[in-house]
$ cat target.txt   # compact mmCIF, C-alpha atoms
# COMPACT_ATOMS: atom_id res chain seq x y z
CA MET O 1 -54.56 -60.96 58.01
CA ALA O 2 -50.88 -61.85 57.66
CA ARG O 3 -48.91 -62.14 60.88
CA GLU O 4 -46.13 -59.52 61.05
CA VAL O 5 -42.68 -60.84 61.90
CA HIS O 6 -39.76 -58.47 62.42
CA ILE O 7 -36.53 -59.97 61.07
CA GLY O 8 -33.05 -58.53 61.53
CA PHE O 9 -30.31 -59.04 58.96
CA VAL O 10 -26.80 -57.83 58.20
CA PRO O 11 -26.17 -56.93 54.53
CA LEU O 12 -24.51 -60.05 53.16
CA VAL O 13 -25.24 -62.34 50.23
CA ASP O 14 -26.40 -65.03 52.64
CA CYS O 15 -29.30 -62.88 53.90
CA ALA O 16 -30.87 -63.96 50.61
CA THR O 17 -33.33 -66.43 52.13
CA VAL O 18 -35.27 -63.82 54.09
CA VAL O 19 -35.15 -61.30 51.22
CA VAL O 20 -36.38 -63.89 48.73
CA ALA O 21 -39.01 -65.17 51.16
CA LYS O 22 -40.40 -61.65 51.50
CA HIS O 23 -40.38 -60.60 47.84
CA LEU O 24 -41.07 -63.78 45.88
CA GLY O 25 -44.20 -64.98 47.61
CA PHE O 26 -42.92 -67.60 50.03
CA ALA O 27 -43.89 -65.59 53.12
CA ASP O 28 -47.25 -64.62 51.62
CA ALA O 29 -48.02 -68.27 50.92
CA GLU O 30 -47.52 -69.06 54.62
CA GLY O 31 -49.51 -66.07 55.85
CA VAL O 32 -46.62 -64.06 57.31
CA ASP O 33 -45.54 -60.50 56.57
CA LEU O 34 -41.76 -60.28 56.93
CA VAL O 35 -40.63 -56.83 58.02
CA LEU O 36 -36.89 -56.75 57.35
CA HIS O 37 -34.57 -54.54 59.40
CA LYS O 38 -31.03 -53.94 58.15
CA GLN O 39 -28.55 -53.88 61.04
CA PRO O 40 -25.22 -51.99 61.07
CA SER O 41 -23.39 -54.71 63.03
CA TRP O 42 -23.79 -58.12 64.60
CA SER O 43 -23.83 -56.59 68.08
CA ALA O 44 -26.79 -54.39 67.10
CA LEU O 45 -28.61 -57.41 65.69
CA ARG O 46 -27.83 -59.46 68.82
CA ASP O 47 -29.21 -56.74 71.09
CA GLY O 48 -32.32 -56.31 68.95
CA VAL O 49 -33.18 -59.97 69.34
CA ALA O 50 -32.37 -60.07 73.04
CA LEU O 51 -34.41 -56.94 73.82
CA GLY O 52 -37.37 -57.95 71.67
CA SER O 53 -37.36 -55.25 69.00
CA LEU O 54 -36.63 -58.08 66.56
CA ASP O 55 -38.60 -61.33 66.60
CA ALA O 56 -35.99 -63.35 64.74
CA ALA O 57 -32.84 -62.80 62.71
CA HIS O 58 -30.36 -63.91 60.08
CA MET O 59 -27.73 -64.85 62.66
CA LEU O 60 -24.14 -66.05 62.87
CA SER O 61 -24.30 -69.75 63.71
CA PRO O 62 -22.25 -69.47 66.94
CA LEU O 63 -24.32 -66.52 68.20
CA PRO O 64 -27.30 -68.51 69.60
CA VAL O 65 -24.79 -70.74 71.39
CA ALA O 66 -22.82 -67.82 72.85
CA MET O 67 -25.93 -65.91 73.92
CA SER O 68 -27.44 -69.00 75.54
CA LEU O 69 -24.16 -69.49 77.41
CA GLY O 70 -24.42 -65.92 78.73
CA LEU O 71 -21.53 -64.59 76.64
CA GLY O 72 -21.03 -61.49 74.53
CA GLY O 73 -23.54 -58.95 75.76
CA LEU O 74 -27.10 -59.55 76.90
CA PRO O 75 -27.61 -63.18 78.01
CA SER O 76 -30.66 -64.67 76.34
CA GLN O 77 -31.79 -68.19 75.50
CA ILE O 78 -31.77 -68.31 71.69
CA ASP O 79 -32.99 -71.06 69.38
CA ALA O 80 -31.44 -71.80 65.98
CA LEU O 81 -34.52 -72.92 64.07
CA MET O 82 -32.73 -73.92 60.88
CA VAL O 83 -29.55 -73.24 58.94
CA MET O 84 -29.88 -70.43 56.40
CA SER O 85 -26.57 -70.90 54.58
CA VAL O 86 -23.52 -73.15 54.48
CA ASN O 87 -20.04 -71.80 53.68
CA GLY O 88 -19.73 -68.45 51.86
CA ASP O 89 -16.72 -66.91 53.68
CA VAL O 90 -13.41 -65.76 52.19
CA ILE O 91 -9.96 -65.13 53.64
CA GLY O 92 -8.30 -62.02 52.26
CA VAL O 93 -5.06 -60.14 52.84
CA SER O 94 -3.73 -56.67 52.18
CA ASN O 95 -1.82 -56.05 48.96
CA GLU O 96 1.37 -55.67 51.00
CA ILE O 97 0.92 -59.02 52.73
CA ALA O 98 0.13 -60.68 49.38
CA ARG O 99 3.32 -59.17 47.93
CA LYS O 100 5.40 -60.56 50.82
CA MET O 101 3.78 -63.97 50.48
CA ARG O 102 4.59 -64.10 46.76
CA ALA O 103 8.16 -62.95 47.37
CA ALA O 104 8.57 -65.89 49.79
CA GLY O 105 7.38 -68.39 47.15
CA TRP O 106 3.61 -68.56 47.69
CA PRO O 107 2.13 -69.78 44.36
CA ALA O 108 -1.20 -67.95 44.93
CA SER O 109 -3.21 -71.16 44.95
CA PHE O 110 -6.78 -70.49 46.07
CA ARG O 111 -7.37 -74.02 47.41
CA ASP O 112 -4.28 -74.67 49.53
CA PRO O 113 -5.10 -73.89 53.16
CA ARG O 114 -1.89 -75.38 54.51
CA GLY O 115 0.56 -73.64 52.18
CA THR O 116 -1.35 -70.37 52.20
CA GLY O 117 -1.61 -70.37 55.99
CA GLU O 118 2.09 -71.09 56.43
CA HIS O 119 3.02 -68.21 54.13
CA LEU O 120 0.57 -65.89 55.85
CA ILE O 121 2.03 -66.65 59.29
CA LYS O 122 5.53 -65.85 58.01
CA ALA O 123 4.51 -62.67 56.17
CA THR O 124 4.65 -60.42 59.24
CA ASP O 125 7.15 -60.18 62.08
CA ARG O 126 4.47 -59.12 64.57
CA ARG O 127 1.23 -60.69 65.68
CA LEU O 128 -0.96 -61.10 62.64
CA ARG O 129 -3.80 -58.54 62.76
CA ILE O 130 -6.87 -60.31 61.44
CA GLY O 131 -10.37 -58.91 61.14
CA VAL O 132 -13.49 -60.94 61.83
CA PRO O 133 -17.05 -59.60 61.92
CA PHE O 134 -17.79 -60.75 65.48
CA PRO O 135 -15.98 -62.64 68.26
CA PHE O 136 -18.61 -65.40 68.26
CA SER O 137 -18.78 -66.19 64.54
CA MET O 138 -17.93 -68.98 62.16
CA HIS O 139 -15.31 -66.59 60.73
CA ALA O 140 -13.48 -66.64 64.07
CA GLU O 141 -13.91 -70.40 64.45
CA LEU O 142 -12.48 -71.06 60.99
CA VAL O 143 -9.49 -68.78 61.55
CA PHE O 144 -8.71 -70.30 64.95
CA HIS O 145 -9.01 -73.86 63.64
CA TRP O 146 -6.97 -73.11 60.50
CA LEU O 147 -4.04 -71.23 62.02
CA GLY O 148 -4.13 -73.29 65.21
CA ALA O 149 -3.66 -76.48 63.17
CA LEU O 150 -0.61 -74.83 61.58
CA GLY O 151 1.11 -74.22 64.90
CA LEU O 152 -0.14 -70.87 66.19
CA LYS O 153 -1.54 -70.79 69.72
CA THR O 154 -4.91 -69.31 68.91
CA PRO O 155 -6.32 -66.89 69.73
CA GLY O 156 -3.43 -65.66 71.92
CA GLU O 157 -0.85 -65.40 69.15
CA LEU O 158 -3.25 -63.47 66.92
CA ASP O 159 -4.39 -59.86 67.12
CA VAL O 160 -8.07 -60.47 66.38
CA ARG O 161 -10.09 -57.33 65.64
CA THR O 162 -13.85 -57.04 65.31
CA VAL O 163 -14.88 -55.20 62.14
CA PRO O 164 -18.45 -55.04 60.77
CA PRO O 165 -18.45 -56.91 57.44
CA GLN O 166 -19.34 -53.88 55.31
CA LEU O 167 -16.33 -52.00 56.78
CA MET O 168 -13.76 -54.77 56.21
CA ALA O 169 -12.41 -53.30 52.96
CA ASP O 170 -11.97 -49.91 54.66
CA ALA O 171 -10.13 -51.54 57.56
CA ILE O 172 -7.61 -53.21 55.28
CA ALA O 173 -7.23 -50.06 53.18
CA SER O 174 -6.37 -48.01 56.27
CA ASP O 175 -3.85 -50.61 57.52
CA GLU O 176 -5.88 -51.48 60.60
CA ILE O 177 -5.65 -55.18 59.75
CA ASP O 178 -3.35 -57.42 57.71
CA ALA O 179 -5.96 -60.03 56.81
CA PHE O 180 -9.63 -60.85 57.26
CA CYS O 181 -12.23 -63.58 57.19
CA VAL O 182 -15.59 -62.23 56.06
CA GLY O 183 -18.77 -63.22 54.26
CA GLU O 184 -19.37 -62.14 50.71
CA PRO O 185 -19.65 -59.70 49.04
CA TRP O 186 -17.33 -57.78 51.37
CA GLY O 187 -14.18 -59.70 50.48
CA SER O 188 -14.91 -59.05 46.82
CA ILE O 189 -15.43 -55.37 47.60
CA ALA O 190 -11.86 -55.23 48.95
CA VAL O 191 -10.75 -56.65 45.59
CA GLU O 192 -12.94 -54.22 43.64
CA ASN O 193 -11.51 -51.30 45.62
CA GLY O 194 -7.98 -52.50 44.85
CA VAL O 195 -6.99 -52.77 48.52
CA GLY O 196 -6.81 -56.52 49.06
CA GLU O 197 -6.58 -59.99 47.60
CA LEU O 198 -8.57 -63.13 48.34
CA VAL O 199 -6.36 -66.08 49.23
CA LEU O 200 -8.74 -68.82 50.38
CA PRO O 201 -12.43 -69.71 50.55
CA GLY O 202 -13.66 -70.66 54.00
CA SER O 203 -14.80 -74.00 52.58
CA ALA O 204 -11.14 -74.96 52.10
CA ILE O 205 -10.80 -74.99 55.90
CA TRP O 206 -14.05 -76.82 56.65
CA ALA O 207 -15.93 -78.10 53.63
CA PHE O 208 -19.40 -77.82 55.21
CA SER O 209 -19.57 -75.13 57.88
CA PRO O 210 -22.94 -73.76 59.04
CA GLU O 211 -22.58 -70.03 58.41
CA LYS O 212 -25.94 -68.41 59.24
CA VAL O 213 -28.97 -69.68 61.11
CA LEU O 214 -32.50 -68.43 61.60
CA GLY O 215 -32.32 -67.43 65.25
CA ALA O 216 -35.06 -66.34 67.66
CA ARG O 217 -35.56 -66.00 71.40
CA HIS O 218 -36.66 -69.24 72.98
CA ASP O 219 -39.59 -67.60 74.74
CA TRP O 220 -40.86 -66.08 71.48
CA VAL O 221 -40.57 -69.50 69.81
CA GLU O 222 -42.51 -71.16 72.60
CA ASP O 223 -45.19 -68.45 72.65
CA ASN O 224 -45.75 -68.33 68.87
CA PRO O 225 -45.69 -71.89 67.51
CA ASP O 226 -47.91 -71.19 64.48
CA THR O 227 -45.90 -68.13 63.46
CA VAL O 228 -42.64 -70.03 63.91
CA ARG O 229 -43.95 -72.82 61.71
CA ALA O 230 -44.99 -70.38 59.00
CA LEU O 231 -41.67 -68.52 59.18
CA MET O 232 -39.62 -71.69 58.91
CA ARG O 233 -41.63 -72.92 55.95
CA ALA O 234 -41.29 -69.58 54.15
CA VAL O 235 -37.52 -69.53 54.67
CA TYR O 236 -37.21 -73.15 53.57
CA GLY O 237 -39.15 -72.38 50.38
CA ALA O 238 -36.80 -69.51 49.65
CA ALA O 239 -33.74 -71.69 50.32
CA LYS O 240 -34.99 -74.33 47.91
CA TRP O 241 -35.60 -71.64 45.26
CA LEU O 242 -32.08 -70.26 45.79
CA GLY O 243 -30.68 -73.74 45.25
CA GLU O 244 -31.77 -73.58 41.59
CA GLU O 245 -28.98 -72.18 39.42
CA ASP O 246 -31.44 -70.55 37.01
CA ASN O 247 -32.56 -68.20 39.79
CA ARG O 248 -29.16 -66.62 40.38
CA LEU O 249 -29.76 -63.55 38.22
CA VAL O 250 -33.02 -62.63 39.93
CA ALA O 251 -31.49 -63.18 43.37
CA SER O 252 -28.46 -61.02 42.52
CA GLU O 253 -30.63 -58.16 41.30
CA LEU O 254 -32.87 -58.37 44.35
CA LEU O 255 -29.98 -58.37 46.82
CA SER O 256 -28.26 -55.47 45.04
CA ARG O 257 -31.05 -53.08 46.06
CA LYS O 258 -30.20 -50.24 48.42
CA ASP O 259 -32.40 -51.68 51.17
CA TYR O 260 -30.38 -54.89 51.20
CA VAL O 261 -26.71 -55.42 50.26
CA ASN O 262 -26.42 -52.34 48.05
CA VAL O 263 -23.52 -53.46 45.86
CA PRO O 264 -23.58 -54.25 42.11
CA ALA O 265 -25.43 -57.44 41.14
CA THR O 266 -22.35 -58.60 39.21
CA VAL O 267 -20.35 -58.69 42.46
CA ILE O 268 -23.12 -60.51 44.33
CA ASP O 269 -23.29 -63.10 41.57
CA ARG O 270 -19.71 -64.11 42.27
CA ALA O 271 -20.76 -65.65 45.58
CA LEU O 272 -23.92 -67.22 44.16
CA SER O 273 -22.01 -68.77 41.24
CA GLY O 274 -18.86 -69.60 43.22
CA ARG O 275 -16.74 -67.85 40.59
CA LEU O 276 -14.60 -65.44 42.60
CA VAL O 277 -12.20 -62.78 41.35
CA THR O 278 -9.30 -63.02 43.79
CA ARG O 279 -7.35 -59.91 42.77
CA LYS O 280 -7.95 -56.79 40.72
CA ARG O 281 -8.22 -57.49 36.97
CA ALA O 282 -7.74 -61.26 37.44
CA LEU O 283 -9.95 -63.90 35.90
CA GLY O 284 -12.55 -65.57 38.10
CA GLN O 285 -11.74 -68.84 39.86
CA THR O 286 -14.51 -71.39 40.29
CA THR O 287 -14.99 -72.82 43.77
CA GLY O 288 -17.54 -75.61 44.02
CA ARG O 289 -20.04 -75.46 46.90
CA PHE O 290 -18.75 -72.00 47.79
CA LEU O 291 -22.12 -70.91 49.21
CA MET O 292 -24.99 -73.36 49.70
CA PHE O 293 -28.62 -72.68 50.51
CA HIS O 294 -30.13 -76.07 49.68
CA GLY O 295 -29.13 -79.69 49.06
CA ALA O 296 -27.13 -82.14 51.19
CA ALA O 297 -29.35 -81.25 54.18
CA SER O 298 -27.97 -77.71 54.12
CA THR O 299 -30.88 -76.27 56.08
CA PHE O 300 -30.88 -78.92 58.82
CA PRO O 301 -29.72 -77.68 62.27
CA TRP O 302 -27.25 -80.41 63.18
CA ARG O 303 -26.78 -80.63 66.93
CA SER O 304 -23.28 -81.99 66.38
CA GLN O 305 -22.32 -78.70 64.73
CA ALA O 306 -23.67 -76.82 67.74
CA ALA O 307 -21.58 -79.10 69.92
CA TRP O 308 -18.43 -78.37 67.88
CA ILE O 309 -19.02 -74.64 68.27
CA ALA O 310 -19.63 -74.94 72.00
CA SER O 311 -16.58 -77.13 72.54
CA ASN O 312 -14.37 -74.48 70.94
CA ILE O 313 -15.94 -71.58 72.82
CA ALA O 314 -15.76 -73.40 76.16
CA ALA O 315 -12.06 -74.10 75.67
CA ARG O 316 -11.30 -70.44 74.94
CA VAL O 317 -13.31 -68.82 77.73
CA GLY O 318 -12.96 -71.47 80.43
CA LEU O 319 -16.49 -72.87 80.63
CA ASP O 320 -17.35 -76.42 81.60
CA ARG O 321 -17.17 -78.19 78.26
CA ALA O 322 -19.83 -80.84 78.82
CA GLN O 323 -22.37 -78.32 80.14
CA ALA O 324 -21.64 -75.91 77.28
CA ILE O 325 -22.22 -78.69 74.75
CA ARG O 326 -25.52 -79.68 76.36
CA THR O 327 -26.68 -76.06 76.21
CA ALA O 328 -25.61 -75.71 72.59
CA LYS O 329 -27.33 -78.88 71.45
CA ALA O 330 -30.58 -77.62 72.96
CA CYS O 331 -30.23 -74.39 70.91
CA PHE O 332 -30.21 -76.16 67.54
CA ARG O 333 -33.87 -77.10 67.14
CA SER O 334 -33.78 -80.17 64.94
CA ASP O 335 -36.99 -81.21 66.71
CA LEU O 336 -38.88 -78.17 65.41
CA TYR O 337 -37.32 -78.59 61.97
CA ARG O 338 -38.74 -82.11 61.76
CA GLU O 339 -42.10 -81.08 63.22
CA ASN O 340 -42.68 -78.00 61.06
CA LEU O 341 -41.25 -79.09 57.71
CA ALA O 342 -41.91 -82.84 57.47
CA ASP O 343 -45.20 -82.47 55.58
CA LEU O 344 -43.44 -80.50 52.84
CA GLY O 345 -42.07 -83.82 51.63
CA LEU O 346 -38.52 -83.30 52.88
CA ASP O 347 -36.24 -86.27 53.25
CA MET O 348 -35.25 -85.98 56.91
CA PRO O 349 -31.89 -87.23 58.22
CA GLY O 350 -32.20 -90.33 60.34
CA ALA O 351 -30.31 -88.71 63.21
CA SER O 352 -29.86 -85.16 64.52
CA GLU O 353 -26.14 -85.57 65.19
CA LYS O 354 -23.29 -86.85 63.07
CA ILE O 355 -19.54 -87.16 63.19
CA GLU O 356 -18.24 -83.85 61.84
CA GLY O 357 -15.39 -83.93 59.34
CA ALA O 358 -15.59 -87.63 58.51
CA LEU O 359 -16.77 -87.40 54.89
CA ALA O 360 -14.27 -86.74 52.11
CA HIS O 361 -16.88 -87.42 49.42
CA PRO O 362 -20.68 -87.28 49.08
CA THR O 363 -22.04 -90.27 51.01
CA ALA O 364 -25.55 -91.72 51.21
CA VAL O 365 -26.91 -91.81 54.77
CA ALA O 366 -29.97 -93.13 56.53
CA SER O 367 -32.98 -90.87 56.02
CA SER O 368 -36.77 -90.95 55.99
CA LYS O 369 -36.94 -91.34 52.20
CA GLY O 370 -33.50 -92.80 51.53
CA SER O 371 -32.32 -90.06 49.19
CA ILE O 372 -29.94 -87.90 51.29
CA SER O 373 -26.24 -87.74 50.55
CA LEU O 374 -24.06 -85.82 52.96
CA GLY O 375 -20.56 -84.45 52.51
CA PRO O 376 -17.94 -83.65 51.77
CA ASP O 377 -17.58 -82.10 55.21
CA ALA O 378 -13.88 -82.62 55.88
CA PHE O 379 -11.62 -80.29 57.85
CA PHE O 380 -8.43 -79.46 55.94
CA ASP O 381 -6.22 -81.00 58.63
CA GLY O 382 -8.13 -84.27 58.79
CA SER O 383 -9.53 -83.64 62.25
CA ILE O 384 -12.74 -85.36 63.34
CA PHE O 385 -15.31 -84.22 65.90
CA ASP O 386 -17.45 -86.97 67.40
CA PRO O 387 -20.25 -85.47 69.53
CA SER O 388 -20.70 -88.75 71.38
CA ASP O 389 -17.22 -88.28 72.85
CA ALA O 390 -17.82 -84.65 73.69
CA GLY O 391 -20.35 -84.76 76.50

$ encode --input "target.txt" --output "structure tokens"
Amino acid sequence: MAREVHIGFVPLVDCATVVVAKHLGFADAEGVDLVLHKQPSWSALRDGVALGSLDAAHMLSPLPVAMSLGLGGLPSQIDALMVMSVNGDVIGVSNEIARKMRAAGWPASFRDPRGTGEHLIKATDRRLRIGVPFPFSMHAELVFHWLGALGLKTPGELDVRTVPPQLMADAIASDEIDAFCVGEPWGSIAVENGVGELVLPGSAIWAFSPEKVLGARHDWVEDNPDTVRALMRAVYGAAKWLGEEDNRLVASELLSRKDYVNVPATVIDRALSGRLVTRKRALGQTTGRFLMFHGAASTFPWRSQAAWIASNIAARVGLDRAQAIRTAKACFRSDLYRENLADLGLDMPGASEKIEGALAHPTAVASSKGSISLGPDAFFDGSIFDPSDAG
């Protein structure tokens, strides 16, 4: 009899791995029955995992770190078993802000984080009101890094507002926010509704940011090693399938169902193809590596990325940086990834940490089979994060 695993998710294109694992046989092949629970917000998902009504979840990558540090609600030791998606976020602005930016000379380039950010900062004479789906999210980290590198004292000089992703278009339509950073398809829905314009992909800020992870309570992981192994293998199989371009159409149709993202498949396909429509009635713009599920060690839980997240959080909330980084590294379970997936024939990275932001181009690295290329993973401002210097 298949083992039942209750998985929480928020309706986003990057929940695809658990949806595909359930419906296309990957979970069945591993002997697990995935029971998927759509959540209205990240706080609801967080509480479901912490309280035990959910076994595991499609989770914002900083959330296991924050929860394990005792921040943002119910403290709980959470493990990030693997990365479910890389990149996939968009920055958008209201039509009024876009108009002001154009009037000031912004050329509407979709790949210019410095110029776009400078025009955005100047487009309002008050604190910029920017929506993010959750305080502890890669969306927030990208915004703080981006605008902070351009001279704002973040987050203090921003008015950061938490808006569930599926309500982001409504928030910008009702003038609650000037701009947003959100996962697809909800930026594209703002465009479809004629209330906003996309100005930047998140990957223009950091070329390889871990967006979602497969998160679970540490005690559940320790108590259910066989189920965890089966779950990880099912999700990895789905990620590999999603990495094949020929499977985009099936994935888009599956995600468009009411039980999942519940928006037209044609809009979902924009994220899967990386061809985004940035404003109403405009032609699509192709963004390479916009959303990644597989390839370039996309599913590997790099402990250096956990350290980067923890370093940022600690600086903002006043925690001891070295201790926060140690806690975060323990959350990202590269040990379980190696243990549970090695016999699938994966080429495993030779290390579990790396210097973040150092690669401007794809680069071959040491690995178990010698076939892994990593990068690009550069930050737009050229910054480098070396976990060996971070504690």

$ atom_distance --input "target.txt" --atom1 "atom CA of O:Val93" --atom2 "atom CA of O:Ala140"
15.5 Å

$ axis_aligned_box --input "target.txt" --around "stretch 373-384 of chain O" --padding-each-side "3 Å" --output "lines of an AutoDock Vina configuration file"
center_x = -16.2
center_y = -83.6
center_z = 56.9
size_x = 26.0
size_y = 14.3
size_z = 18.8

$ closest_residue --input "target.txt" --among "O:Val277, O:Leu346, O:Val199, O:Ala149" --to "O:Ala108" --atoms "only C-alpha atoms"
O:Val199

$ atom_distance --input "target.txt" --atom1 "atom CA of O:Val65" --atom2 "atom CA of O:Ala238"
24.9 Å

$ residues_near_point --input "target.txt" --point "(-22.5, -59.2, 54.3)" --cutoff "9 Å" --atoms "only C-alpha atoms" --output "PyMOL selection string"
chain O and resi 10-15+164-166+182-186+261

$ closest_residue --input "target.txt" --among "O:Leu167, O:Ile121, O:Ala265, O:Ala216" --to "O:Leu45" --atoms "all atoms listed in the file"
O:Ala216

$ closest_residue --input "target.txt" --among "O:Arg281, O:Lys258, O:Arg46, O:Arg333" --to "O:Phe136" --atoms "all atoms listed in the file"
O:Arg46

$ atom_distance --input "target.txt" --atom1 "atom CA of O:Gly274" --atom2 "atom CA of O:Gly288"
6.2 Å

$ closest_residue --input "target.txt" --among "O:His218, O:Arg248, O:Arg289, O:Arg102" --to "O:Pro64" --atoms "all atoms listed in the file"
O:His218

$ closest_atom_pairs --input "target.txt" --of "stretch 52-143 of chain O" --to "stretch 33-40 of chain O" --cutoff "12 Å" --atoms "all atoms listed in the file" --output "JSON lines"
{"residue": "O:Ser53", "atom": "CA", "partner": "O:His37", "partner_atom": "CA", "distance": 10.0}
{"residue": "O:Leu54", "atom": "CA", "partner": "O:His37", "partner_atom": "CA", "distance": 8.2}
{"residue": "O:Asp55", "atom": "CA", "partner": "O:Val35", "partner_atom": "CA", "distance": 9.9}
{"residue": "O:Ala56", "atom": "CA", "partner": "O:Leu36", "partner_atom": "CA", "distance": 9.9}
{"residue": "O:Ala57", "atom": "CA", "partner": "O:Leu36", "partner_atom": "CA", "distance": 9.0}
{"residue": "O:His58", "atom": "CA", "partner": "O:Leu36", "partner_atom": "CA", "distance": 10.1}
{"residue": "O:Met59", "atom": "CA", "partner": "O:Gln39", "partner_atom": "CA", "distance": 11.1}
{"residue": "O:Pro133", "atom": "CA", "partner": "O:Pro40", "partner_atom": "CA", "distance": 11.2}

$ write_last_selection --input "target.txt" --atoms "C-alpha atoms" --output "tab-separated table (two decimals), in the frame of the given file"
chain	number	residue	atom	x	y	z
O	53	SER	CA	-37.36	-55.25	69.00
O	54	LEU	CA	-36.63	-58.08	66.56
O	55	ASP	CA	-38.60	-61.33	66.60
O	56	ALA	CA	-35.99	-63.35	64.74
O	57	ALA	CA	-32.84	-62.80	62.71
O	58	HIS	CA	-30.36	-63.91	60.08
O	59	MET	CA	-27.73	-64.85	62.66
O	133	PRO	CA	-17.05	-59.60	61.92

$ closest_atom_pairs --input "target.txt" --of "stretch 166-246 of chain O" --to "stretch 309-318 of chain O" --cutoff "12 Å" --atoms "all atoms listed in the file" --output "Markdown table"
| residue | atom | partner | partner_atom | distance |
| --- | --- | --- | --- | --- |
| O:Ser209 | CA | O:Ile309 | CA | 10.4 |
| O:Pro210 | CA | O:Ile309 | CA | 10.1 |
| O:Glu211 | CA | O:Ile309 | CA | 11.5 |

$ residues_near_point --input "target.txt" --point "(9.7, -64.4, 52.5)" --cutoff "10 Å" --atoms "only C-alpha atoms" --output "list in words"
Arg99, Lys100, Met101, Arg102, Ala103, Ala104, Gly105, Trp106, His119, Leu120, Lys122, Ala123 and Thr124 of chain O

$ closest_residue --input "target.txt" --among "O:Ala330, O:Leu152, O:Leu291, O:Ala179" --to "O:Ser68" --atoms "all atoms listed in the file"
O:Ala330

$ build_atoms --input "target.txt" --residues "stretch 12-17 of chain O" --atoms "all heavy atoms" --output "PDB file, keeping the file's coordinate frame"
ATOM      1  N   LEU O  12     -25.404 -59.030  53.684  1.00  0.00           N
ATOM      2  CA  LEU O  12     -24.510 -60.050  53.160  1.00  0.00           C
ATOM      3  C   LEU O  12     -25.273 -60.863  52.125  1.00  0.00           C
ATOM      4  O   LEU O  12     -26.508 -60.921  52.176  1.00  0.00           O
ATOM      5  CB  LEU O  12     -24.035 -60.977  54.280  1.00  0.00           C
ATOM      6  CG  LEU O  12     -23.097 -60.360  55.323  1.00  0.00           C
ATOM      7  CD1 LEU O  12     -23.300 -60.998  56.678  1.00  0.00           C
ATOM      8  CD2 LEU O  12     -21.646 -60.512  54.868  1.00  0.00           C
ATOM      9  N   VAL O  13     -24.560 -61.517  51.239  1.00  0.00           N
ATOM     10  CA  VAL O  13     -25.240 -62.340  50.230  1.00  0.00           C
ATOM     11  C   VAL O  13     -26.094 -63.405  50.884  1.00  0.00           C
ATOM     12  O   VAL O  13     -27.180 -63.735  50.395  1.00  0.00           O
ATOM     13  CB  VAL O  13     -24.209 -62.955  49.255  1.00  0.00           C
ATOM     14  CG1 VAL O  13     -24.894 -63.901  48.278  1.00  0.00           C
ATOM     15  CG2 VAL O  13     -23.464 -61.864  48.486  1.00  0.00           C
ATOM     16  N   ASP O  14     -25.650 -63.929  52.032  1.00  0.00           N
ATOM     17  CA  ASP O  14     -26.400 -65.030  52.640  1.00  0.00           C
ATOM     18  C   ASP O  14     -27.634 -64.590  53.442  1.00  0.00           C
ATOM     19  O   ASP O  14     -28.293 -65.421  54.053  1.00  0.00           O
ATOM     20  CB  ASP O  14     -25.493 -65.925  53.478  1.00  0.00           C
ATOM     21  CG  ASP O  14     -24.736 -65.188  54.571  1.00  0.00           C
ATOM     22  OD1 ASP O  14     -25.211 -64.137  55.040  1.00  0.00           O
ATOM     23  OD2 ASP O  14     -23.647 -65.675  54.966  1.00  0.00           O
ATOM     24  N   CYS O  15     -27.973 -63.287  53.392  1.00  0.00           N
ATOM     25  CA  CYS O  15     -29.300 -62.880  53.900  1.00  0.00           C
ATOM     26  C   CYS O  15     -30.373 -63.160  52.859  1.00  0.00           C
ATOM     27  O   CYS O  15     -31.551 -62.840  53.064  1.00  0.00           O
ATOM     28  CB  CYS O  15     -29.307 -61.409  54.313  1.00  0.00           C
ATOM     29  SG  CYS O  15     -29.364 -60.215  52.942  1.00  0.00           S
ATOM     30  N   ALA O  16     -29.987 -63.772  51.760  1.00  0.00           N
ATOM     31  CA  ALA O  16     -30.870 -63.960  50.610  1.00  0.00           C
ATOM     32  C   ALA O  16     -32.165 -64.687  50.956  1.00  0.00           C
ATOM     33  O   ALA O  16     -33.215 -64.387  50.382  1.00  0.00           O
ATOM     34  CB  ALA O  16     -30.144 -64.719  49.498  1.00  0.00           C
ATOM     35  N   THR O  17     -32.115 -65.646  51.887  1.00  0.00           N
ATOM     36  CA  THR O  17     -33.330 -66.430  52.130  1.00  0.00           C
ATOM     37  C   THR O  17     -34.467 -65.573  52.665  1.00  0.00           C
ATOM     38  O   THR O  17     -35.613 -65.750  52.261  1.00  0.00           O
ATOM     39  CB  THR O  17     -33.043 -67.589  53.106  1.00  0.00           C
ATOM     40  OG1 THR O  17     -32.249 -67.115  54.182  1.00  0.00           O
ATOM     41  CG2 THR O  17     -32.330 -68.717  52.409  1.00  0.00           C
TER      42      THR O  17
END
